[in-house]
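Report on the following structure.
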Amino acid sequence: MSSFLVSEATGGAMVVLILIAIAVPYAVRGRWLAPAGWGVGYLPRLAPHYLIGFTVAGLSLVHAGFAMSGPLVLGGASLTGIWIATGAMFLAFGQVMVGNRLRSLRGRERLRLRRVHFAVMGALVAAAALHVALNGPVLQSILGRVAG
Amino acid sequence: MDASNSSRPRPGSPLRPWLSTTRGRLLLGAGVLLLIAAIAAPVIGFTRMMSPSGAPPASRSQLSGTRVGGSLTVVVRLDERRPDGSFTATLLEPDGDRSYRATGNRLRVAFAPDTRVQMGAAQDLRAGAVLQADGVLTARDAVSARGVTVLTGVVRVAG
């Protein structure tokens, strides 16, 4: 499989994984998923969130490695997209560090850091969306067709 | 209430709380399916777009063997826009995985307003762009493209 396909596949996987990672904390908060009760505390229920967080950070390296090893269109919006993606990659690792710290914190400090975790998530989603719009050939193709 | 929802998870396995409820299992399954789709969709889409007609791009000799009016697939680099909106282009030949080399053959490539553009948009059809064009040979050195796949940045071109 060519490096382009690997970078496309890892990119698509990261988009879905990020969306699932965002949804998990809300899904396990109430009892909708477990009407009879979870039987474990809130943090153990977040296990998929932790797994996905580490996976996304690792996948971002694989994605960048394969994407940069292929031919690049350098210039204009495409270059901007690559810089945004580079920033997002570092942000993803920062997010993992914040999330890991959150697991051991309690009380006010946890609430404060959780707000940071939430803000970084917003920045990551915005950066990822911009990167996909500026550098994603599949999305560009779809947008091109929609635009006529 | 679903009987499976009442089974209490045992500590130890990180996914056990999720696997212990029906809704949790369904959601995990949906997540896995979504992940598979996210990986497969771009791969399948790109593979199909790379060869919409199923035919490999024509080499220099195949191009010269194609009769005027016949269908063909060519990979070209657009060199210059002409006053009539068409482009002068250089025919490219495959030279390994996602690599092409420039031939000496020059073509005129014309696009219609309804030409399908894949892997890019109409504004990507400019000088320097590399594309695979499916169309009809309208003269010995002219192609009218019915569909193009933009390969700029996806393939390497030598020469």
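Labels for the structure tokens follow display order: chains A, B, ..., residues from 1 in each chain, ligands from 1.
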
Excluding Ala37 (chain B) and residues on its chain fewer than 3 positions from it, collect all residues at most 12 Å away from it, counting only C-alpha atoms, and give them as a ChimeraX atom specification.
/A:9-10,12-17 /B:30-34,40-45

Problem set entry | In region 42-116 of chain B, DSSP alpha helix (DSSP H) residues written as a ChimeraX atom specification | /B:42-50,60-65

Go ahead and dump the residues you just picked, N, CA and C atoms, as a PDB file, in the first residue's frame.
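Saved file part_10.pdb follows:
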ATOM      1  N   PRO B  42     -11.670   6.185   2.295  1.00  0.00           N
ATOM      2  CA  PRO B  42     -10.693   6.903   1.471  1.00  0.00           C
ATOM      3  C   PRO B  42      -9.844   5.976   0.611  1.00  0.00           C
ATOM      4  N   VAL B  43      -9.553   4.787   1.139  1.00  0.00           N
ATOM      5  CA  VAL B  43      -8.717   3.845   0.378  1.00  0.00           C
ATOM      6  C   VAL B  43      -9.470   3.359  -0.869  1.00  0.00           C
ATOM      7  N   ILE B  44     -10.723   2.946  -0.668  1.00  0.00           N
ATOM      8  CA  ILE B  44     -11.527   2.466  -1.802  1.00  0.00           C
ATOM      9  C   ILE B  44     -11.791   3.611  -2.774  1.00  0.00           C
ATOM     10  N   GLY B  45     -12.160   4.770  -2.216  1.00  0.00           N
ATOM     11  CA  GLY B  45     -12.450   5.930  -3.057  1.00  0.00           C
ATOM     12  C   GLY B  45     -11.258   6.316  -3.905  1.00  0.00           C
ATOM     13  N   PHE B  46     -10.087   6.368  -3.279  1.00  0.00           N
ATOM     14  CA  PHE B  46      -8.898   6.776  -4.015  1.00  0.00           C
ATOM     15  C   PHE B  46      -8.527   5.742  -5.075  1.00  0.00           C
ATOM     16  N   THR B  47      -8.613   4.459  -4.714  1.00  0.00           N
ATOM     17  CA  THR B  47      -8.263   3.409  -5.664  1.00  0.00           C
ATOM     18  C   THR B  47      -9.167   3.475  -6.888  1.00  0.00           C
ATOM     19  N   ARG B  48     -10.448   3.742  -6.654  1.00  0.00           N
ATOM     20  CA  ARG B  48     -11.385   3.832  -7.787  1.00  0.00           C
ATOM     21  C   ARG B  48     -11.149   5.083  -8.606  1.00  0.00           C
ATOM     22  N   MET B  49     -10.833   6.179  -7.919  1.00  0.00           N
ATOM     23  CA  MET B  49     -10.623   7.430  -8.639  1.00  0.00           C
ATOM     24  C   MET B  49      -9.360   7.394  -9.490  1.00  0.00           C
ATOM     25  N   MET B  50      -8.360   6.663  -9.001  1.00  0.00           N
ATOM     26  CA  MET B  50      -7.101   6.610  -9.733  1.00  0.00           C
ATOM     27  C   MET B  50      -7.274   5.998 -11.114  1.00  0.00           C
ATOM     28  N   ARG B  60       3.321   6.389 -24.723  1.00  0.00           N
ATOM     29  CA  ARG B  60       3.520   7.140 -25.962  1.00  0.00           C
ATOM     30  C   ARG B  60       3.117   6.289 -27.177  1.00  0.00           C
ATOM     31  N   SER B  61       3.534   5.020 -27.164  1.00  0.00           N
ATOM     32  CA  SER B  61       3.231   4.163 -28.323  1.00  0.00           C
ATOM     33  C   SER B  61       1.738   3.852 -28.392  1.00  0.00           C
ATOM     34  N   GLN B  62       1.108   3.676 -27.234  1.00  0.00           N
ATOM     35  CA  GLN B  62      -0.341   3.409 -27.237  1.00  0.00           C
ATOM     36  C   GLN B  62      -1.099   4.625 -27.743  1.00  0.00           C
ATOM     37  N   LEU B  63      -0.596   5.815 -27.374  1.00  0.00           N
ATOM     38  CA  LEU B  63      -1.248   7.038 -27.831  1.00  0.00           C
ATOM     39  C   LEU B  63      -1.181   7.145 -29.358  1.00  0.00           C
ATOM     40  N   SER B  64      -0.006   6.838 -29.891  1.00  0.00           N
ATOM     41  CA  SER B  64       0.132   6.938 -31.354  1.00  0.00           C
ATOM     42  C   SER B  64      -0.687   5.853 -32.054  1.00  0.00           C
ATOM     43  N   GLY B  65      -1.009   4.764 -31.334  1.00  0.00           N
ATOM     44  CA  GLY B  65      -1.796   3.694 -31.931  1.00  0.00           C
ATOM     45  C   GLY B  65      -3.292   3.898 -31.798  1.00  0.00           C
TER      46      GLY B  65
END

Counting only C-alpha atoms, which residues in chain B sit no more than 6 Å from chain A? For each one, give the nearest pair of atoms and the distance in Å, sorted by chain then residue number, as CSV.
residue,atom,partner,partner_atom,distance
B:Asn5,CA,A:Ala36,CA,5.8
B:Ser6,CA,A:Ala36,CA,5.1
B:Arg8,CA,A:Gly39,CA,5.5
B:Pro14,CA,A:Ala47,CA,5.2
B:Thr21,CA,A:Ala34,CA,5.9
B:Arg23,CA,A:Leu33,CA,5.3
B:Gly24,CA,A:Leu33,CA,5.7
B:Leu35,CA,A:Ala13,CA,5.7
B:Ala38,CA,A:Gly12,CA,4.9
B:Ile39,CA,A:Ala9,CA,4.4
B:Val43,CA,A:Leu5,CA,5.8
B:Gln118,CA,A:Ser141,CA,5.3
B:Met119,CA,A:Ser141,CA,4.4
B:Gly120,CA,A:Ser141,CA,4.5
B:Ala121,CA,A:Gly144,CA,4.6
B:Gly153,CA,A:Val73,CA,4.7
B:Val154,CA,A:Pro71,CA,5.7

If you keep all heavy atoms, can you produce a file of those selected residues as a CSV table (one decimal), in the first residue's frame?
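Wrote result00.csv, looks like this:
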chain,number,residue,atom,x,y,z
B,5,ASN,N,-28.1,-5.9,31.1
B,5,ASN,CA,-27.7,-4.6,31.7
B,5,ASN,C,-27.5,-4.8,33.2
B,5,ASN,O,-26.8,-3.9,33.8
B,5,ASN,CB,-28.8,-3.6,31.5
B,5,ASN,CG,-28.7,-3.0,30.1
B,5,ASN,OD1,-27.6,-3.0,29.5
B,5,ASN,ND2,-29.8,-2.6,29.5
B,6,SER,N,-28.0,-5.8,33.8
B,6,SER,CA,-27.9,-6.0,35.2
B,6,SER,C,-26.6,-6.6,35.7
B,6,SER,O,-26.3,-6.6,36.8
B,6,SER,CB,-29.1,-6.8,35.8
B,6,SER,OG,-29.1,-8.0,35.2
B,8,ARG,N,-23.0,-7.0,36.6
B,8,ARG,CA,-22.1,-6.0,37.1
B,8,ARG,C,-20.7,-6.3,36.6
B,8,ARG,O,-20.3,-7.5,36.6
B,8,ARG,CB,-22.0,-6.0,38.6
B,8,ARG,CG,-23.3,-5.5,39.3
B,8,ARG,CD,-23.5,-4.0,38.8
B,8,ARG,NE,-24.8,-3.5,39.2
B,8,ARG,CZ,-25.0,-2.7,40.2
B,8,ARG,NH1,-24.0,-2.4,41.0
B,8,ARG,NH2,-26.2,-2.3,40.5
B,14,PRO,N,-10.2,-3.0,31.0
B,14,PRO,CA,-10.7,-1.6,30.8
B,14,PRO,C,-12.0,-1.5,30.1
B,14,PRO,O,-12.7,-0.5,30.3
B,14,PRO,CB,-9.5,-1.0,30.0
B,14,PRO,CG,-8.7,-2.2,29.5
B,14,PRO,CD,-8.9,-3.3,30.4
B,21,THR,N,-22.9,-4.1,29.3
B,21,THR,CA,-24.3,-3.7,29.0
B,21,THR,C,-24.6,-3.8,27.5
B,21,THR,O,-23.7,-3.7,26.7
B,21,THR,CB,-24.5,-2.2,29.4
B,21,THR,OG1,-23.9,-1.4,28.5
B,21,THR,CG2,-24.0,-2.0,30.8
B,23,ARG,N,-26.3,-1.8,25.5
B,23,ARG,CA,-26.1,-0.5,24.8
B,23,ARG,C,-24.6,-0.2,24.7
B,23,ARG,O,-24.2,0.3,23.7
B,23,ARG,CB,-26.8,0.6,25.6
B,23,ARG,CG,-28.3,0.6,25.4
B,23,ARG,CD,-29.0,1.6,26.3
B,23,ARG,NE,-30.4,1.5,26.1
B,23,ARG,CZ,-31.3,2.2,26.8
B,23,ARG,NH1,-30.8,3.0,27.8
B,23,ARG,NH2,-32.6,2.1,26.6
B,24,GLY,N,-23.8,-0.6,25.7
B,24,GLY,CA,-22.4,-0.4,25.7
B,24,GLY,C,-21.8,-1.2,24.5
B,24,GLY,O,-20.9,-0.7,23.8
B,35,LEU,N,-15.0,3.1,12.5
B,35,LEU,CA,-13.5,3.2,12.3
B,35,LEU,C,-13.1,2.4,11.1
B,35,LEU,O,-12.3,2.9,10.3
B,35,LEU,CB,-12.9,2.6,13.6
B,35,LEU,CG,-11.3,2.7,13.7
B,35,LEU,CD1,-11.0,4.2,13.7
B,35,LEU,CD2,-10.8,2.0,14.9
B,38,ALA,N,-14.1,4.5,8.2
B,38,ALA,CA,-13.3,5.6,8.0
B,38,ALA,C,-12.0,5.3,7.3
B,38,ALA,O,-11.4,6.1,6.6
B,38,ALA,CB,-13.0,6.3,9.3
B,39,ILE,N,-11.5,4.1,7.6
B,39,ILE,CA,-10.2,3.6,7.0
B,39,ILE,C,-10.5,3.2,5.6
B,39,ILE,O,-9.7,3.5,4.7
B,39,ILE,CB,-9.6,2.5,7.8
B,39,ILE,CG1,-9.1,3.0,9.2
B,39,ILE,CG2,-8.4,1.9,7.1
B,39,ILE,CD1,-8.7,2.0,10.2
B,43,VAL,N,-9.6,4.8,1.1
B,43,VAL,CA,-8.7,3.8,0.4
B,43,VAL,C,-9.5,3.4,-0.9
B,43,VAL,O,-8.9,3.4,-2.0
B,43,VAL,CB,-8.3,2.6,1.3
B,43,VAL,CG1,-7.6,1.6,0.4
B,43,VAL,CG2,-7.4,3.1,2.4
B,118,GLN,N,-12.2,14.8,-10.3
B,118,GLN,CA,-12.1,14.0,-9.1
B,118,GLN,C,-10.8,14.3,-8.4
B,118,GLN,O,-9.8,14.7,-9.0
B,118,GLN,CB,-12.2,12.6,-9.4
B,118,GLN,CG,-13.5,12.2,-10.1
B,118,GLN,CD,-13.7,10.8,-10.3
B,118,GLN,OE1,-14.4,10.1,-9.6
B,118,GLN,NE2,-13.0,10.2,-11.3
B,119,MET,N,-10.7,14.1,-7.1
B,119,MET,CA,-9.6,14.4,-6.2
B,119,MET,C,-9.1,15.8,-6.3
B,119,MET,O,-8.0,16.1,-6.1
B,119,MET,CB,-8.4,13.5,-6.6
B,119,MET,CG,-8.6,12.0,-6.5
B,119,MET,SD,-8.7,11.5,-4.8
B,119,MET,CE,-6.9,11.6,-4.4
B,120,GLY,N,-10.0,16.7,-6.6
B,120,GLY,CA,-9.7,18.1,-6.7
B,120,GLY,C,-10.9,18.9,-7.2
B,120,GLY,O,-12.0,18.4,-7.2
B,121,ALA,N,-10.6,20.1,-7.6
B,121,ALA,CA,-11.7,21.0,-8.1
B,121,ALA,C,-11.3,21.6,-9.4
B,121,ALA,O,-10.1,21.5,-9.8
B,121,ALA,CB,-12.0,22.0,-7.1
B,153,GLY,N,0.6,16.5,-6.4
B,153,GLY,CA,1.0,16.2,-5.0
B,153,GLY,C,0.8,14.8,-4.6
B,153,GLY,O,1.2,14.4,-3.5
B,154,VAL,N,0.2,14.0,-5.5
B,154,VAL,CA,0.0,12.6,-5.2
B,154,VAL,C,1.0,11.7,-5.9
B,154,VAL,O,1.4,10.6,-5.4
B,154,VAL,CB,-1.4,12.2,-5.6
B,154,VAL,CG1,-1.7,10.7,-5.3
B,154,VAL,CG2,-2.5,13.0,-4.8

**Message:** Between A:Arg31, A:His49, A:His63, A:His117, which residue has the minimum interatomic distance to Arg101 (chain A), considering only C-alpha atoms?
**Reply:**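 Smallest separation from Arg101 (chain A) among the options: A:His117.
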
* **Residue nearest Ala89 (chain B) among B:Val130, B:Thr73, B:Thr22, B:Arg106 (counting only C-alpha atoms)** =>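 Checking each of B:Val130, B:Thr73, B:Thr22, B:Arg106 against Ala89 (chain B), counting only C-alpha atoms, the winner is B:Arg106.
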
message: Can you pull out the residues contacting region 81-86 of chain A? Cut-off 9 Å, using only C-alpha atoms, and skip same-chain residues under 6 positions away; I want them as an NGL selection string.
response: :A and (64 or 74 or 127-128 or 130-135)

Written file, previous selection with N, CA, C and O atoms, as a short mmCIF file (atom, residue, chain, number, x, y, z; two decimals), in the first residue's frame:
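Result file follows (out_28.cif):
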data_model
loop_
_atom_site.label_atom_id
_atom_site.label_comp_id
_atom_site.auth_asym_id
_atom_site.auth_seq_id
_atom_site.Cartn_x
_atom_site.Cartn_y
_atom_site.Cartn_z
N ALA A 64 1.62 11.66 9.90
CA ALA A 64 2.55 12.69 9.43
C ALA A 64 3.73 12.05 8.70
O ALA A 64 4.16 12.54 7.65
N LEU A 74 3.41 22.09 -2.04
CA LEU A 74 3.80 23.12 -1.08
C LEU A 74 3.47 24.49 -1.65
O LEU A 74 4.00 24.91 -2.66
N ALA A 127 -8.42 22.61 14.50
CA ALA A 127 -7.21 22.40 13.69
C ALA A 127 -7.38 21.21 12.75
O ALA A 127 -7.00 21.28 11.57
N ALA A 128 -7.98 20.14 13.26
CA ALA A 128 -8.18 18.95 12.43
C ALA A 128 -9.13 19.26 11.27
O ALA A 128 -8.90 18.85 10.13
N LEU A 130 -9.71 22.16 9.87
CA LEU A 130 -9.01 23.02 8.90
C LEU A 130 -8.03 22.21 8.06
O LEU A 130 -7.95 22.39 6.84
N HIS A 131 -7.31 21.32 8.73
CA HIS A 131 -6.33 20.48 8.03
C HIS A 131 -7.01 19.60 6.97
O HIS A 131 -6.54 19.50 5.83
N VAL A 132 -8.12 19.00 7.35
CA VAL A 132 -8.85 18.14 6.40
C VAL A 132 -9.36 18.97 5.23
O VAL A 132 -9.26 18.57 4.06
N ALA A 133 -9.88 20.17 5.54
CA ALA A 133 -10.42 21.02 4.47
C ALA A 133 -9.32 21.50 3.52
O ALA A 133 -9.53 21.59 2.31
N LEU A 134 -8.15 21.81 4.07
CA LEU A 134 -7.08 22.37 3.25
C LEU A 134 -6.22 21.32 2.56
O LEU A 134 -5.64 21.57 1.52
N ASN A 135 -6.11 20.12 3.18
CA ASN A 135 -5.19 19.12 2.63
C ASN A 135 -5.84 17.79 2.25
O ASN A 135 -5.16 16.94 1.68
#

Can you pull out every residue within 12 Å of Ala92 (chain A), counting only C-alpha atoms, but drop anything in the same chain fewer than 3 positions away, and send it as a ChimeraX atom specification? /A:14,18,52-61,85-89,95-99,117,120-125,127-128

May I have the selected residues written with N, CA, C and O atoms, as a CSV table (one decimal), in the first residue's frame?
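Okay, this is what ended up in out.csv:
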chain,number,residue,atom,x,y,z
A,14,MET,N,-8.3,8.7,12.4
A,14,MET,CA,-8.1,9.7,13.5
A,14,MET,C,-9.4,10.6,13.7
A,14,MET,O,-9.8,10.9,14.8
A,18,ILE,N,-11.2,10.6,17.2
A,18,ILE,CA,-11.4,11.9,17.9
A,18,ILE,C,-12.8,12.1,18.3
A,18,ILE,O,-13.1,12.5,19.4
A,52,ILE,N,-8.1,5.6,23.3
A,52,ILE,CA,-8.2,6.4,22.1
A,52,ILE,C,-7.3,7.6,22.1
A,52,ILE,O,-6.6,7.9,21.1
A,53,GLY,N,-7.1,8.2,23.2
A,53,GLY,CA,-6.3,9.4,23.3
A,53,GLY,C,-4.8,9.0,23.0
A,53,GLY,O,-4.2,9.7,22.2
A,54,PHE,N,-4.3,7.9,23.6
A,54,PHE,CA,-3.0,7.5,23.3
A,54,PHE,C,-2.9,7.1,21.8
A,54,PHE,O,-1.9,7.3,21.2
A,55,THR,N,-3.9,6.4,21.3
A,55,THR,CA,-3.9,5.9,19.9
A,55,THR,C,-3.8,7.1,19.0
A,55,THR,O,-3.1,7.1,18.0
A,56,VAL,N,-4.6,8.1,19.2
A,56,VAL,CA,-4.7,9.3,18.3
A,56,VAL,C,-3.3,10.0,18.3
A,56,VAL,O,-2.8,10.3,17.2
A,57,ALA,N,-2.7,10.1,19.4
A,57,ALA,CA,-1.3,10.7,19.5
A,57,ALA,C,-0.3,9.9,18.7
A,57,ALA,O,0.4,10.5,17.9
A,58,GLY,N,-0.4,8.6,18.8
A,58,GLY,CA,0.5,7.7,18.1
A,58,GLY,C,0.2,7.8,16.6
A,58,GLY,O,1.1,7.9,15.8
A,59,LEU,N,-1.1,7.7,16.3
A,59,LEU,CA,-1.5,7.7,14.9
A,59,LEU,C,-1.1,9.0,14.2
A,59,LEU,O,-0.8,9.0,13.0
A,60,SER,N,-1.1,10.1,14.9
A,60,SER,CA,-0.7,11.4,14.3
A,60,SER,C,0.7,11.4,13.8
A,60,SER,O,1.1,11.9,12.8
A,61,LEU,N,1.6,10.6,14.5
A,61,LEU,CA,3.0,10.5,14.1
A,61,LEU,C,3.1,9.6,12.8
A,61,LEU,O,3.8,10.0,11.9
A,85,ALA,N,-1.6,21.3,10.8
A,85,ALA,CA,-1.5,19.9,11.3
A,85,ALA,C,-0.3,19.7,12.2
A,85,ALA,O,-0.4,18.9,13.1
A,86,THR,N,0.8,20.3,11.9
A,86,THR,CA,2.0,20.2,12.7
A,86,THR,C,1.7,20.7,14.2
A,86,THR,O,2.0,20.0,15.1
A,87,GLY,N,1.0,21.8,14.2
A,87,GLY,CA,0.6,22.4,15.5
A,87,GLY,C,-0.3,21.4,16.2
A,87,GLY,O,-0.2,21.2,17.4
A,88,ALA,N,-1.3,20.8,15.5
A,88,ALA,CA,-2.3,19.9,16.1
A,88,ALA,C,-1.6,18.7,16.6
A,88,ALA,O,-2.0,18.1,17.6
A,89,MET,N,-0.5,18.2,15.9
A,89,MET,CA,0.2,17.0,16.4
A,89,MET,C,0.8,17.3,17.8
A,89,MET,O,0.7,16.4,18.7
A,95,GLN,N,-2.3,17.2,24.9
A,95,GLN,CA,-3.7,16.8,25.4
A,95,GLN,C,-3.6,15.5,26.2
A,95,GLN,O,-4.2,15.3,27.2
A,96,VAL,N,-2.7,14.6,25.6
A,96,VAL,CA,-2.5,13.3,26.3
A,96,VAL,C,-1.9,13.5,27.7
A,96,VAL,O,-2.3,12.9,28.7
A,97,MET,N,-0.9,14.4,27.7
A,97,MET,CA,-0.3,14.7,29.0
A,97,MET,C,-1.3,15.3,30.0
A,97,MET,O,-1.3,14.9,31.2
A,98,VAL,N,-2.1,16.2,29.6
A,98,VAL,CA,-3.1,16.8,30.4
A,98,VAL,C,-4.1,15.8,30.9
A,98,VAL,O,-4.4,15.7,32.1
A,99,GLY,N,-4.5,14.9,30.0
A,99,GLY,CA,-5.5,13.9,30.3
A,99,GLY,C,-4.9,12.9,31.3
A,99,GLY,O,-5.6,12.4,32.2
A,117,HIS,N,-8.3,20.9,29.4
A,117,HIS,CA,-8.5,19.7,28.6
A,117,HIS,C,-9.6,19.9,27.6
A,117,HIS,O,-9.5,19.6,26.4
A,120,VAL,N,-8.4,22.6,24.9
A,120,VAL,CA,-7.4,22.0,24.0
A,120,VAL,C,-8.2,21.1,23.0
A,120,VAL,O,-7.9,21.0,21.8
A,121,MET,N,-9.2,20.4,23.5
A,121,MET,CA,-10.0,19.6,22.6
A,121,MET,C,-10.7,20.4,21.5
A,121,MET,O,-10.7,20.1,20.3
A,122,GLY,N,-11.2,21.6,21.9
A,122,GLY,CA,-11.8,22.5,20.9
A,122,GLY,C,-10.8,22.9,19.9
A,122,GLY,O,-11.1,23.0,18.7
A,123,ALA,N,-9.6,23.3,20.4
A,123,ALA,CA,-8.5,23.7,19.4
A,123,ALA,C,-8.1,22.6,18.5
A,123,ALA,O,-7.9,22.8,17.3
A,124,LEU,N,-8.1,21.4,19.1
A,124,LEU,CA,-7.7,20.2,18.2
A,124,LEU,C,-8.7,19.9,17.2
A,124,LEU,O,-8.4,19.6,16.0
A,125,VAL,N,-10.0,20.0,17.5
A,125,VAL,CA,-11.1,19.8,16.5
A,125,VAL,C,-11.0,20.8,15.4
A,125,VAL,O,-11.1,20.5,14.2
A,127,ALA,N,-8.4,22.6,14.5
A,127,ALA,CA,-7.2,22.4,13.7
A,127,ALA,C,-7.4,21.2,12.7
A,127,ALA,O,-7.0,21.3,11.6
A,128,ALA,N,-8.0,20.1,13.3
A,128,ALA,CA,-8.2,18.9,12.4
A,128,ALA,C,-9.1,19.3,11.3
A,128,ALA,O,-8.9,18.8,10.1

In Å to one decimal, how far is CA of Pro83 (chain B) from CA of Thr149 (chain B)?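 CA of Thr149 (chain B) sits 23.1 Å away from CA of Pro83 (chain B).
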
Which residues in chain B does DSSP call strand (DSSP E)? List them as a VMD selection string.
-> chain B and resid 71 to 81 87 to 94 99 to 118 130 to 139 142 to 150 156 to 158

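Using only C-alpha atoms, the shortest contact distance between Val143 (chain B) and any of B:Val76, B:Leu107, B:Leu28, B:Ala127 is found at B:Leu107.
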
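One distance worth recording is that between CA of Leu105 (chain A) and CA of Gly30 (chain A), which is 21.1 Å.
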
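The interatomic distance for the pair CA of Leu131 (chain B) and CA of Leu78 (chain B) works out to 7.9 Å.
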
| Do you know which residues are at most 12 Å from Phe111 (chain B) counting only C-alpha atoms, after dropping those on the same chain fewer than 4 positions away, and could you put them as number ranges by chain? | B: 78, 81-82, 84-88, 115-117, 122, 125-126, 133-136, 142-148
